[in-house]
>>> print(open('upload_27.txt').read())   # compact mmCIF, C-alpha atoms
# COMPACT_ATOMS: atom_id res chain seq x y z
CA MET G 1 10.92 24.84 -1.73
CA THR G 2 11.94 24.58 1.94
CA HIS G 3 9.42 23.69 4.60
CA PRO G 4 9.65 24.50 8.27
CA ALA G 5 9.81 21.90 10.99
CA PRO G 6 6.43 20.37 11.81
CA SER G 7 4.15 22.43 13.96
CA ALA G 8 2.47 21.06 17.03
CA PRO G 9 -0.47 18.87 16.11
CA THR G 10 -3.97 19.94 16.98
CA SER G 11 -6.17 17.72 19.11
CA GLY G 12 -9.01 15.46 18.11
CA SER G 13 -9.49 12.59 15.70
CA VAL G 14 -8.58 13.13 12.06
CA TRP G 15 -11.89 11.49 11.15
CA ARG G 16 -13.65 14.71 12.21
CA TYR G 17 -12.40 16.57 9.13
CA PRO G 18 -14.96 16.82 6.29
CA GLY G 19 -14.40 14.13 3.69
CA MET G 20 -12.33 11.81 5.89
CA PRO G 21 -15.25 9.49 6.83
CA ALA G 22 -16.22 9.22 3.16
CA LEU G 23 -12.61 8.48 2.22
CA GLY G 24 -12.44 5.81 4.93
CA LEU G 25 -15.51 4.08 3.48
CA VAL G 26 -14.06 4.24 -0.04
CA CYS G 27 -10.88 2.60 1.27
CA VAL G 28 -12.63 -0.13 3.28
CA PHE G 29 -14.99 -1.12 0.45
CA GLY G 30 -12.40 -0.64 -2.31
CA PHE G 31 -9.65 -2.65 -0.64
CA SER G 32 -12.17 -5.35 0.33
CA GLY G 33 -12.56 -6.01 -3.39
CA TYR G 34 -8.80 -6.27 -3.74
CA ALA G 35 -8.12 -8.46 -0.69
CA ALA G 36 -11.00 -10.90 -1.22
CA LEU G 37 -9.75 -12.00 -4.64
CA LEU G 38 -5.98 -11.77 -4.22
CA SER G 39 -5.60 -15.47 -3.42
CA VAL G 40 -8.93 -16.71 -4.80
CA ALA G 41 -8.66 -15.44 -8.40
CA PRO G 42 -5.53 -17.57 -9.08
CA LEU G 43 -7.34 -20.57 -7.56
CA TRP G 44 -10.28 -19.91 -9.90
CA ALA G 45 -7.91 -19.98 -12.88
CA ALA G 46 -6.36 -23.21 -11.58
CA ARG G 47 -9.83 -24.77 -11.34
CA GLY G 48 -10.28 -23.89 -15.00
CA GLY G 49 -7.15 -25.84 -15.93
CA ALA G 50 -4.40 -23.20 -15.69
CA ASP G 51 -0.98 -24.46 -14.63
CA ALA G 52 1.24 -22.77 -12.01
CA VAL G 53 2.52 -20.25 -14.54
CA GLY G 54 -0.99 -19.33 -15.63
CA SER G 55 -2.17 -18.98 -12.05
CA GLY G 56 0.79 -16.77 -11.27
CA LEU G 57 -0.07 -14.54 -14.21
CA VAL G 58 -3.43 -13.64 -12.65
CA ASN G 59 -1.95 -11.37 -10.00
CA GLY G 60 0.93 -10.45 -12.29
CA VAL G 61 -1.52 -8.95 -14.77
CA LEU G 62 -3.41 -7.28 -11.91
CA LEU G 63 -0.20 -5.64 -10.66
CA ALA G 64 0.98 -4.62 -14.13
CA ALA G 65 -2.35 -2.95 -14.89
CA THR G 66 -2.24 -1.26 -11.49
CA VAL G 67 1.20 0.29 -12.04
CA LEU G 68 0.45 1.40 -15.60
CA THR G 69 -2.77 3.05 -14.43
CA GLN G 70 -1.02 4.79 -11.52
CA LEU G 71 1.18 6.61 -14.04
CA GLY G 72 -1.85 8.27 -15.63
CA VAL G 73 -3.98 9.04 -12.58
CA PRO G 74 -2.54 12.53 -11.88
CA ALA G 75 -3.54 13.66 -15.40
CA LEU G 76 -7.04 12.19 -14.95
CA LEU G 77 -7.47 14.09 -11.69
CA ARG G 78 -6.48 17.37 -13.34
CA ARG G 79 -8.94 16.79 -16.14
CA LEU G 80 -11.96 15.25 -14.40
CA GLY G 81 -11.61 15.83 -10.67
CA HIS G 82 -11.51 13.34 -7.81
CA GLY G 83 -15.20 12.35 -7.56
CA PRO G 84 -15.66 10.92 -11.08
CA VAL G 85 -12.19 9.34 -11.13
CA ILE G 86 -12.58 7.57 -7.78
CA ALA G 87 -16.10 6.45 -8.71
CA ALA G 88 -14.77 4.95 -11.95
CA GLY G 89 -12.08 3.11 -10.02
CA VAL G 90 -14.41 1.47 -7.51
CA LEU G 91 -16.94 0.57 -10.21
CA LEU G 92 -14.28 -1.11 -12.37
CA MET G 93 -13.13 -3.18 -9.41
CA GLY G 94 -16.59 -4.09 -8.18
CA VAL G 95 -18.31 -4.93 -11.46
CA ALA G 96 -15.41 -7.13 -12.63
CA SER G 97 -15.56 -9.39 -9.57
CA PRO G 98 -18.86 -11.29 -10.12
CA ALA G 99 -18.03 -11.44 -13.83
CA TYR G 100 -15.46 -14.12 -12.98
CA LEU G 101 -18.38 -16.53 -12.59
CA LEU G 102 -18.95 -16.34 -16.35
CA SER G 103 -15.79 -18.35 -17.06
CA ASP G 104 -12.83 -19.92 -15.29
CA ALA G 105 -10.77 -20.09 -18.51
CA LEU G 106 -7.42 -18.32 -18.23
CA GLY G 107 -8.05 -15.70 -20.93
CA PRO G 108 -11.22 -14.20 -19.41
CA VAL G 109 -9.72 -14.42 -15.91
CA LEU G 110 -6.66 -12.42 -17.02
CA LEU G 111 -8.85 -9.86 -18.77
CA LEU G 112 -10.96 -9.30 -15.66
CA SER G 113 -7.80 -9.10 -13.54
CA ALA G 114 -6.55 -6.32 -15.81
CA VAL G 115 -9.85 -4.44 -15.39
CA ARG G 116 -9.61 -4.79 -11.62
CA GLY G 117 -5.99 -3.61 -11.79
CA ILE G 118 -7.07 -0.42 -13.56
CA GLY G 119 -9.62 0.27 -10.85
CA PHE G 120 -7.15 -0.56 -8.10
CA GLY G 121 -4.52 1.74 -9.59
CA ILE G 122 -7.02 4.59 -9.44
CA ILE G 123 -8.02 3.90 -5.84
CA THR G 124 -4.47 3.63 -4.51
CA VAL G 125 -3.24 6.91 -5.98
CA THR G 126 -6.34 8.97 -5.24
CA GLY G 127 -6.76 7.63 -1.71
CA SER G 128 -3.31 8.57 -0.47
CA ALA G 129 -3.36 11.90 -2.34
CA VAL G 130 -6.72 12.96 -0.92
CA VAL G 131 -5.43 12.54 2.64
CA ALA G 132 -2.91 15.33 2.05
CA HIS G 133 -5.71 17.73 1.05
CA LEU G 134 -8.36 16.97 3.66
CA VAL G 135 -6.43 17.68 6.88
CA PRO G 136 -4.14 20.44 8.15
CA ALA G 137 -0.48 19.81 7.41
CA ALA G 138 0.32 19.36 11.11
CA ARG G 139 -2.04 16.35 11.24
CA ARG G 140 -0.91 14.78 8.00
CA GLY G 141 0.97 11.91 9.65
CA ALA G 142 -2.04 10.92 11.75
CA ALA G 143 -4.27 11.15 8.69
CA VAL G 144 -1.95 8.94 6.65
CA GLY G 145 -2.00 6.50 9.58
CA ALA G 146 -5.81 6.49 9.69
CA TYR G 147 -5.87 5.92 5.93
CA GLY G 148 -3.41 3.06 6.33
CA LEU G 149 -5.59 1.46 9.00
CA ALA G 150 -8.66 1.68 6.74
CA VAL G 151 -6.62 -0.05 4.03
CA ALA G 152 -5.17 -2.68 6.37
CA VAL G 153 -8.39 -3.92 7.99
CA PRO G 154 -9.83 -5.55 4.82
CA ASN G 155 -6.48 -7.22 4.19
CA LEU G 156 -6.30 -8.55 7.75
CA VAL G 157 -9.81 -10.02 7.58
CA LEU G 158 -10.32 -11.07 3.97
CA LEU G 159 -6.90 -12.30 2.86
CA PRO G 160 -6.88 -15.26 5.28
CA ALA G 161 -10.67 -15.83 5.15
CA SER G 162 -11.30 -15.78 1.40
CA VAL G 163 -9.63 -19.09 0.56
CA ALA G 164 -11.44 -20.87 3.40
CA VAL G 165 -14.79 -19.41 2.29
CA ALA G 166 -14.22 -20.46 -1.33
CA ASP G 167 -13.26 -23.96 -0.21
CA ARG G 168 -16.20 -24.44 2.15
CA TRP G 169 -19.05 -22.47 0.56
CA GLY G 170 -17.93 -21.86 -3.00
CA PHE G 171 -16.26 -19.19 -5.11
CA GLY G 172 -19.49 -17.30 -5.69
CA TRP G 173 -19.56 -15.96 -2.14
CA VAL G 174 -16.05 -14.58 -2.48
CA PHE G 175 -16.84 -12.96 -5.83
CA ALA G 176 -19.89 -11.35 -4.19
CA VAL G 177 -17.68 -9.87 -1.48
CA GLY G 178 -15.33 -8.74 -4.25
CA ALA G 179 -18.16 -6.58 -5.61
CA LEU G 180 -18.22 -4.43 -2.44
CA PRO G 181 -16.30 -1.54 -4.11
CA VAL G 182 -19.51 -0.71 -6.02
CA VAL G 183 -21.03 0.35 -2.70
CA ALA G 184 -18.32 3.02 -2.39
CA SER G 185 -19.28 4.95 -5.53
CA PRO G 186 -21.57 7.51 -3.78
CA PHE G 187 -18.86 8.19 -1.21
CA ALA G 188 -16.42 8.93 -4.03
CA PHE G 189 -18.43 12.01 -4.98
CA ALA G 190 -18.69 13.00 -1.30
CA VAL G 191 -14.87 13.04 -1.20
CA GLY G 192 -14.79 15.26 -4.27
CA ARG G 193 -17.23 17.72 -2.69
CA ALA G 194 -15.23 17.85 0.53
CA LEU G 195 -12.07 18.75 -1.38
CA GLY G 196 -13.62 21.96 -2.68
CA GLU G 197 -11.05 24.03 -4.56
CA ALA G 198 -8.48 21.25 -4.23
CA ASP G 199 -10.73 18.86 -6.18
CA ARG G 200 -9.08 19.63 -9.49
CA VAL G 201 -5.85 21.29 -10.51
CA THR G 202 -6.74 22.96 -13.80
CA GLY G 203 -4.42 23.62 -16.68
CA ALA G 204 -1.01 22.12 -17.24
CA SER G 205 0.73 20.35 -14.40
CA PRO G 206 3.35 22.53 -12.68
CA ARG G 207 6.86 21.59 -13.69
CA LEU G 208 8.50 19.03 -11.42
CA ASP G 209 12.10 20.27 -11.14
CA ARG G 210 14.99 17.86 -10.80
CA ARG G 211 15.65 18.63 -7.15
CA THR G 212 12.03 18.05 -6.14
CA ALA G 213 11.87 14.87 -8.22
CA TRP G 214 14.90 13.50 -6.34
CA ALA G 215 13.41 14.58 -3.01
CA VAL G 216 10.31 12.48 -3.80
CA ALA G 217 12.33 9.59 -5.24
CA ARG G 218 14.42 9.28 -2.07
CA PRO G 219 11.64 8.22 0.35
CA THR G 220 10.07 6.16 -2.43
CA ALA G 221 13.33 4.21 -2.78
CA VAL G 222 13.33 3.58 0.99
CA LEU G 223 9.77 2.29 0.63
CA PHE G 224 10.87 0.10 -2.30
CA ALA G 225 13.51 -1.54 -0.09
CA VAL G 226 11.14 -2.38 2.76
CA THR G 227 8.34 -3.55 0.45
CA MET G 228 10.82 -5.90 -1.21
CA ALA G 229 11.19 -7.45 2.23
CA GLY G 230 7.42 -7.56 2.71
CA GLY G 231 6.84 -9.06 -0.72
CA GLY G 232 9.37 -11.82 -0.12
CA LEU G 233 7.97 -12.71 3.29
CA LEU G 234 4.32 -12.59 2.23
CA THR G 235 4.97 -14.76 -0.81
CA PHE G 236 7.21 -17.44 0.66
CA ALA G 237 6.28 -17.80 4.33
CA PRO G 238 3.92 -20.72 3.43
CA GLN G 239 6.88 -22.51 1.83
CA VAL G 240 9.25 -21.97 4.76
CA VAL G 241 6.88 -23.59 7.30
CA ASP G 242 3.69 -25.64 7.11
CA SER G 243 0.39 -24.00 6.23
CA ALA G 244 -0.93 -23.73 9.78
CA SER G 245 2.28 -22.13 11.03
CA ALA G 246 2.42 -19.84 8.01
CA SER G 247 -1.03 -18.50 8.91
CA TRP G 248 0.32 -17.40 12.29
CA VAL G 249 3.39 -15.85 10.66
CA LEU G 250 1.25 -13.86 8.23
CA LEU G 251 -1.12 -12.82 11.02
CA VAL G 252 1.78 -11.50 13.11
CA LEU G 253 3.15 -9.67 10.09
CA GLY G 254 -0.27 -8.21 9.26
CA VAL G 255 -1.08 -7.06 12.79
CA GLY G 256 2.36 -5.46 13.18
CA THR G 257 1.99 -3.73 9.82
CA ALA G 258 -1.47 -2.33 10.57
CA ALA G 259 -0.61 -1.16 14.08
CA CYS G 260 2.62 0.55 13.09
CA ARG G 261 1.25 2.09 9.92
CA TRP G 262 -1.37 3.76 12.11
CA GLY G 263 0.88 4.58 15.09
CA ALA G 264 3.80 6.00 13.11
CA GLY G 265 1.63 8.90 11.96
CA HIS G 266 1.27 10.31 15.46
CA LEU G 267 5.04 10.12 16.00
CA SER G 268 5.77 11.88 12.72
CA ASP G 269 3.36 14.72 13.53
CA ARG G 270 5.07 15.32 16.86
CA TYR G 271 8.73 14.66 16.06
CA GLY G 272 9.02 14.66 12.26
CA ALA G 273 9.13 11.63 9.96
CA GLU G 274 12.73 11.70 8.72
CA ARG G 275 14.37 10.66 11.98
CA PHE G 276 12.53 7.32 12.09
CA LEU G 277 13.45 6.06 8.60
CA ALA G 278 16.92 4.66 9.35
CA PRO G 279 16.01 2.99 12.68
CA LEU G 280 13.05 1.25 11.08
CA LEU G 281 15.16 0.00 8.18
CA LEU G 282 17.53 -1.54 10.74
CA VAL G 283 14.59 -3.10 12.59
CA GLY G 284 13.40 -4.61 9.32
CA ALA G 285 16.87 -5.94 8.51
CA ALA G 286 17.10 -7.52 11.98
CA GLY G 287 13.73 -9.20 11.47
CA LEU G 288 14.83 -10.61 8.12
CA CYS G 289 18.01 -11.98 9.71
CA LEU G 290 15.86 -13.82 12.27
CA CYS G 291 13.76 -15.18 9.39
CA ALA G 292 16.94 -16.35 7.67
CA TRP G 293 18.08 -18.10 10.85
CA ALA G 294 14.67 -19.77 11.19
CA ALA G 295 14.78 -20.94 7.56
CA GLN G 296 18.26 -22.41 8.05
CA ARG G 297 17.18 -24.32 11.16
CA GLY G 298 14.08 -25.68 9.45
CA ASP G 299 12.12 -25.84 12.72
CA GLY G 300 12.47 -22.29 14.03
CA LEU G 301 8.85 -21.18 14.15
CA ARG G 302 9.43 -18.94 17.16
CA LEU G 303 12.32 -17.26 15.40
CA LEU G 304 10.22 -16.82 12.28
CA LEU G 305 7.39 -15.28 14.32
CA ALA G 306 9.83 -12.88 16.00
CA GLY G 307 11.33 -12.00 12.64
CA ALA G 308 7.89 -11.42 11.12
CA ALA G 309 6.96 -9.17 14.05
CA LEU G 310 10.05 -6.98 13.55
CA ALA G 311 9.56 -6.96 9.78
CA GLY G 312 5.93 -5.92 10.30
CA VAL G 313 6.99 -2.99 12.48
CA ALA G 314 9.32 -1.72 9.74
CA TYR G 315 6.95 -2.58 6.90
CA GLY G 316 4.01 -0.72 8.42
CA GLY G 317 5.90 2.20 9.93
CA LEU G 318 7.83 3.00 6.77
CA GLN G 319 4.70 2.84 4.63
CA ASN G 320 3.36 5.76 6.64
CA LEU G 321 6.55 7.75 7.09
CA THR G 322 7.81 7.61 3.52
CA LEU G 323 4.45 8.91 2.25
CA VAL G 324 4.54 11.76 4.76
CA VAL G 325 8.09 12.65 3.70
CA ALA G 326 7.16 12.54 0.01
CA PHE G 327 4.20 14.88 0.57
CA HIS G 328 6.47 17.18 2.60
CA GLN G 329 8.68 17.75 -0.45
CA VAL G 330 6.06 19.03 -2.91
CA ASP G 331 3.50 21.78 -3.32
CA ARG G 332 -0.21 21.02 -3.63
CA GLY G 333 -0.13 20.76 -7.40
CA HIS G 334 2.33 17.87 -7.20
CA ILE G 335 0.63 15.85 -4.45
CA PRO G 336 -0.99 13.42 -6.96
CA VAL G 337 2.43 12.93 -8.60
CA ALA G 338 4.04 12.16 -5.23
CA SER G 339 1.19 9.77 -4.43
CA ALA G 340 1.56 8.00 -7.78
CA GLY G 341 5.32 7.63 -7.30
CA TRP G 342 4.86 6.26 -3.79
CA ASN G 343 2.27 3.70 -4.91
CA ILE G 344 4.44 2.59 -7.82
CA GLY G 345 7.32 2.13 -5.38
CA PHE G 346 5.07 0.07 -3.12
CA ASP G 347 3.74 -2.24 -5.80
CA GLY G 348 7.05 -2.44 -7.65
CA GLY G 349 8.93 -3.27 -4.47
CA THR G 350 6.43 -5.98 -3.53
CA ALA G 351 6.77 -7.61 -6.94
CA ALA G 352 10.57 -7.26 -7.04
CA GLY G 353 10.88 -8.79 -3.56
CA ALA G 354 8.83 -11.83 -4.54
CA VAL G 355 10.81 -12.36 -7.75
CA ALA G 356 14.22 -11.82 -6.13
CA MET G 357 13.39 -14.03 -3.16
CA GLY G 358 12.20 -16.80 -5.45
CA ALA G 359 15.31 -16.66 -7.62
CA ILE G 360 17.75 -16.63 -4.68
CA ALA G 361 15.84 -19.28 -2.74
CA THR G 362 15.83 -21.59 -5.77
CA ALA G 363 19.59 -21.29 -6.08
CA SER G 364 20.69 -21.10 -2.43
CA GLY G 365 17.74 -21.63 -0.10
CA PHE G 366 15.28 -19.43 1.78
CA GLY G 367 17.87 -18.43 4.37
CA ALA G 368 20.00 -16.81 1.69
CA GLY G 369 16.93 -15.12 0.24
CA PHE G 370 15.99 -13.49 3.54
CA LEU G 371 19.58 -12.38 4.10
CA ALA G 372 19.66 -10.79 0.65
CA LEU G 373 16.52 -8.81 1.47
CA ALA G 374 18.12 -7.71 4.76
CA VAL G 375 21.10 -6.43 2.76
CA VAL G 376 18.73 -4.44 0.55
CA CYS G 377 17.28 -2.74 3.65
CA VAL G 378 20.74 -1.87 4.98
CA SER G 379 21.87 -0.59 1.58
CA ALA G 380 18.98 1.91 1.62
CA LEU G 381 20.26 3.61 4.81
CA PRO G 382 22.12 6.43 2.93
CA LEU G 383 18.77 7.41 1.39
CA CYS G 384 17.47 8.27 4.86
CA VAL G 385 19.66 11.40 4.98
CA PRO G 386 17.51 14.42 4.03
CA ALA G 387 18.49 16.47 1.01
CA ARG G 388 20.40 19.66 1.86
CA GLY G 389 18.09 22.56 2.43
CA ARG G 390 15.13 20.37 3.40
CA ALA G 391 13.70 20.36 6.87
CA ALA G 392 13.68 17.01 8.60
CA GLY G 393 10.01 17.36 9.24
CA GLY G 394 6.89 15.49 8.52
CA ALA G 395 4.45 18.14 7.47
CA ALA G 396 4.32 20.48 4.58
CA ASP G 397 3.92 24.18 5.08
CA GLU G 398 0.55 24.33 3.42
CA VAL G 399 -2.56 23.95 5.54
CA ALA G 400 -5.54 22.13 4.14
>>> encode(input="upload_27.txt", output="structure tokens")
Amino acid sequence: MTHPAPSAPTSGSVWRYPGMPALGLVCVFGFSGYAALLSVAPLWAARGGADAVGSGLVNGVLLAATVLTQLGVPALLRRLGHGPVIAAGVLLMGVASPAYLLSDALGPVLLLSAVRGIGFGIITVTGSAVVAHLVPAARRGAAVGAYGLAVAVPNLVLLPASVAVADRWGFGWVFAVGALPVVASPFAFAVGRALGEADRVTGASPRLDRRTAWAVARPTAVLFAVTMAGGGLLTFAPQVVDSASASWVLLVLGVGTAACRWGAGHLSDRYGAERFLAPLLLVGAAGLCLCAWAAQRGDGLRLLLAGAALAGVAYGGLQNLTLVVAFHQVDRGHIPVASAGWNIGFDGGTAAGAVAMGAIATASGFGAGFLALAVVCVSALPLCVPARGRAAGGAADEVA
């Protein structure tokens, strides 16, 4: 299926389309439950006596459950529709959070992390897929950007604040905030109603031919490369510099990510998404090289901040653009499949980047680790060339 070049975007905010405000609330409340506990749940396990390996397993189990769930979400949407599936996701996340207070032993903590991972897997796939249905194709980039901003705000606020709140006022307050996804359950059904005929694709899933599968895999692989970089930087910045400096590094990275994930959508609607993939990969590689230089110097905070800023531009921009490109390659029946693949690439890349960075840094230092991640970004450049017969656009030919 060949799509034409993107049409001129219409005016007005994407939040004016029916269902978009409800989706925004689902994202804000749902991702609040994720962000609040990302650093605190491992600390809770450590308080219960878990060692470093056990604490690390907390988010490892969360991520594994997330990816496994993402594989099955498209089938759930075809069978049940978006409203019930999204509602189940936010309820699983929200109800599991205060249940941590029942025990800080590692076993129960891992079990609850798995439950939260199932809910989070549902939210991530459905959220990005719904965007493609709620707005006209010419506004898809802006809508993906708005969705990304709704996702980024809880991370910007709650990731740095949750540990401080747990330390000063106790874990219970953080677990209460982690229950916020429950509030989103009524809005889940509002999203389903707004989708109308697109709420459920009945019958068997349309066959995903080999060419289309590759066309979706290509932008997902680009995403995998840049999220490897993000995963490495997010995980090990506190070990490259002191804690206070690391907070500034992560803030710069987070602000750059949020701003560019939102802003890239408007560029893709006007000029097409494909043309920005390669330049942003190079920006990310340059940022990682600055991080490597800072790590080698040992006192290069300014370099590290500059590197984090460039990495944030690439990290945020490519999150938006690769999703737009993936949606551009498929018909409506395959949008949940493209969304699932994209989310698996995101989570898998984040995990792979953290593991690879840790292994290389242990053997050769953090400078070598950042350089290796820069090489990964550069090696993904050939994947930025569109498949023959595809338009280098950013919007599908269907109109929501």
>>> closest_residue(input="upload_27.txt", among="G:Ala356, G:Ala142, G:Ala132, G:Gly48", to="Leu371 (chain G)", atoms="all atoms listed in the file")
G:Ala356
>>> closest_residue(input="upload_27.txt", among="G:Val376, G:Val90, G:Leu381, G:Leu68", to="Phe189 (chain G)", atoms="only C-alpha atoms")
G:Val90
>>> closest_atom_pairs(input="upload_27.txt", of="region 198-283 of chain G", to="region 316-330 of chain G", cutoff="8 Å", atoms="all atoms listed in the file", output="Markdown table")
| residue | atom | partner | partner_atom | distance |
| --- | --- | --- | --- | --- |
| G:Thr212 | CA | G:Gln329 | CA | 6.6 |
| G:Ala215 | CA | G:Gln329 | CA | 6.2 |
| G:Val216 | CA | G:Ala326 | CA | 4.9 |
| G:Ala217 | CA | G:Ala326 | CA | 7.9 |
| G:Pro219 | CA | G:Thr322 | CA | 5.0 |
| G:Thr220 | CA | G:Thr322 | CA | 6.5 |
| G:Val222 | CA | G:Thr322 | CA | 7.3 |
| G:Leu223 | CA | G:Thr322 | CA | 6.4 |
| G:Val226 | CA | G:Leu318 | CA | 7.5 |
| G:Gly256 | CA | G:Gly316 | CA | 6.9 |
| G:Thr257 | CA | G:Gly316 | CA | 3.9 |
| G:Ala258 | CA | G:Gly316 | CA | 6.1 |
| G:Ala259 | CA | G:Gly316 | CA | 7.3 |
| G:Cys260 | CA | G:Gly317 | CA | 4.8 |
| G:Arg261 | CA | G:Gly316 | CA | 4.2 |
| G:Trp262 | CA | G:Asn320 | CA | 7.5 |
| G:Gly263 | CA | G:Gly317 | CA | 7.6 |
| G:Ala264 | CA | G:Gly317 | CA | 5.4 |
| G:Gly265 | CA | G:Asn320 | CA | 6.4 |
| G:Ser268 | CA | G:Leu321 | CA | 7.0 |
| G:Ala273 | CA | G:Leu321 | CA | 5.5 |
| G:Glu274 | CA | G:Val325 | CA | 6.9 |
| G:Phe276 | CA | G:Leu321 | CA | 7.8 |
| G:Leu277 | CA | G:Leu318 | CA | 6.7 |
| G:Leu280 | CA | G:Leu318 | CA | 7.0 |
>>> atom_distance(input="upload_27.txt", atom1="CA of Leu63 (chain G)", atom2="CA of Val255 (chain G)")
23.5 Å
>>> closest_residue(input="upload_27.txt", among="G:Met228, G:Ala237, G:Leu303, G:Leu195", to="Phe366 (chain G)", atoms="only C-alpha atoms")
G:Ala237
>>> closest_atom_pairs(input="upload_27.txt", of="region 126-199 of chain G", to="region 335-352 of chain G", cutoff="10 Å", atoms="only C-alpha atoms", output="Markdown table")
| residue | atom | partner | partner_atom | distance |
| --- | --- | --- | --- | --- |
| G:Thr126 | CA | G:Pro336 | CA | 7.2 |
| G:Gly127 | CA | G:Ser339 | CA | 8.7 |
| G:Ser128 | CA | G:Ser339 | CA | 6.1 |
| G:Ala129 | CA | G:Pro336 | CA | 5.4 |
| G:Val130 | CA | G:Pro336 | CA | 8.3 |
| G:Val131 | CA | G:Ile335 | CA | 9.9 |
| G:Ala132 | CA | G:Ile335 | CA | 7.4 |
| G:His133 | CA | G:Ile335 | CA | 8.6 |
>>> atom_distance(input="upload_27.txt", atom1="CA of Ala292 (chain G)", atom2="CA of Ser247 (chain G)")
18.1 Å
>>> axis_aligned_box(input="upload_27.txt", around="region 148-156 of chain G", padding_each_side="6 Å", output="JSON")
{"center_x": -6.6, "center_y": -2.7, "center_z": 6.5, "size_x": 18.4, "size_y": 23.6, "size_z": 17.0}
>>> atom_distance(input="upload_27.txt", atom1="CA of Val58 (chain G)", atom2="CA of Gly30 (chain G)")
18.9 Å
>>> closest_residue(input="upload_27.txt", among="G:Pro160, G:Gly369, G:Gly121, G:Pro98", to="Gly353 (chain G)", atoms="only C-alpha atoms")
G:Gly369
>>> closest_residue(input="upload_27.txt", among="G:Leu76, G:Ala138, G:Val151, G:Ala294", to="Thr124 (chain G)", atoms="all atoms listed in the file")
G:Val151
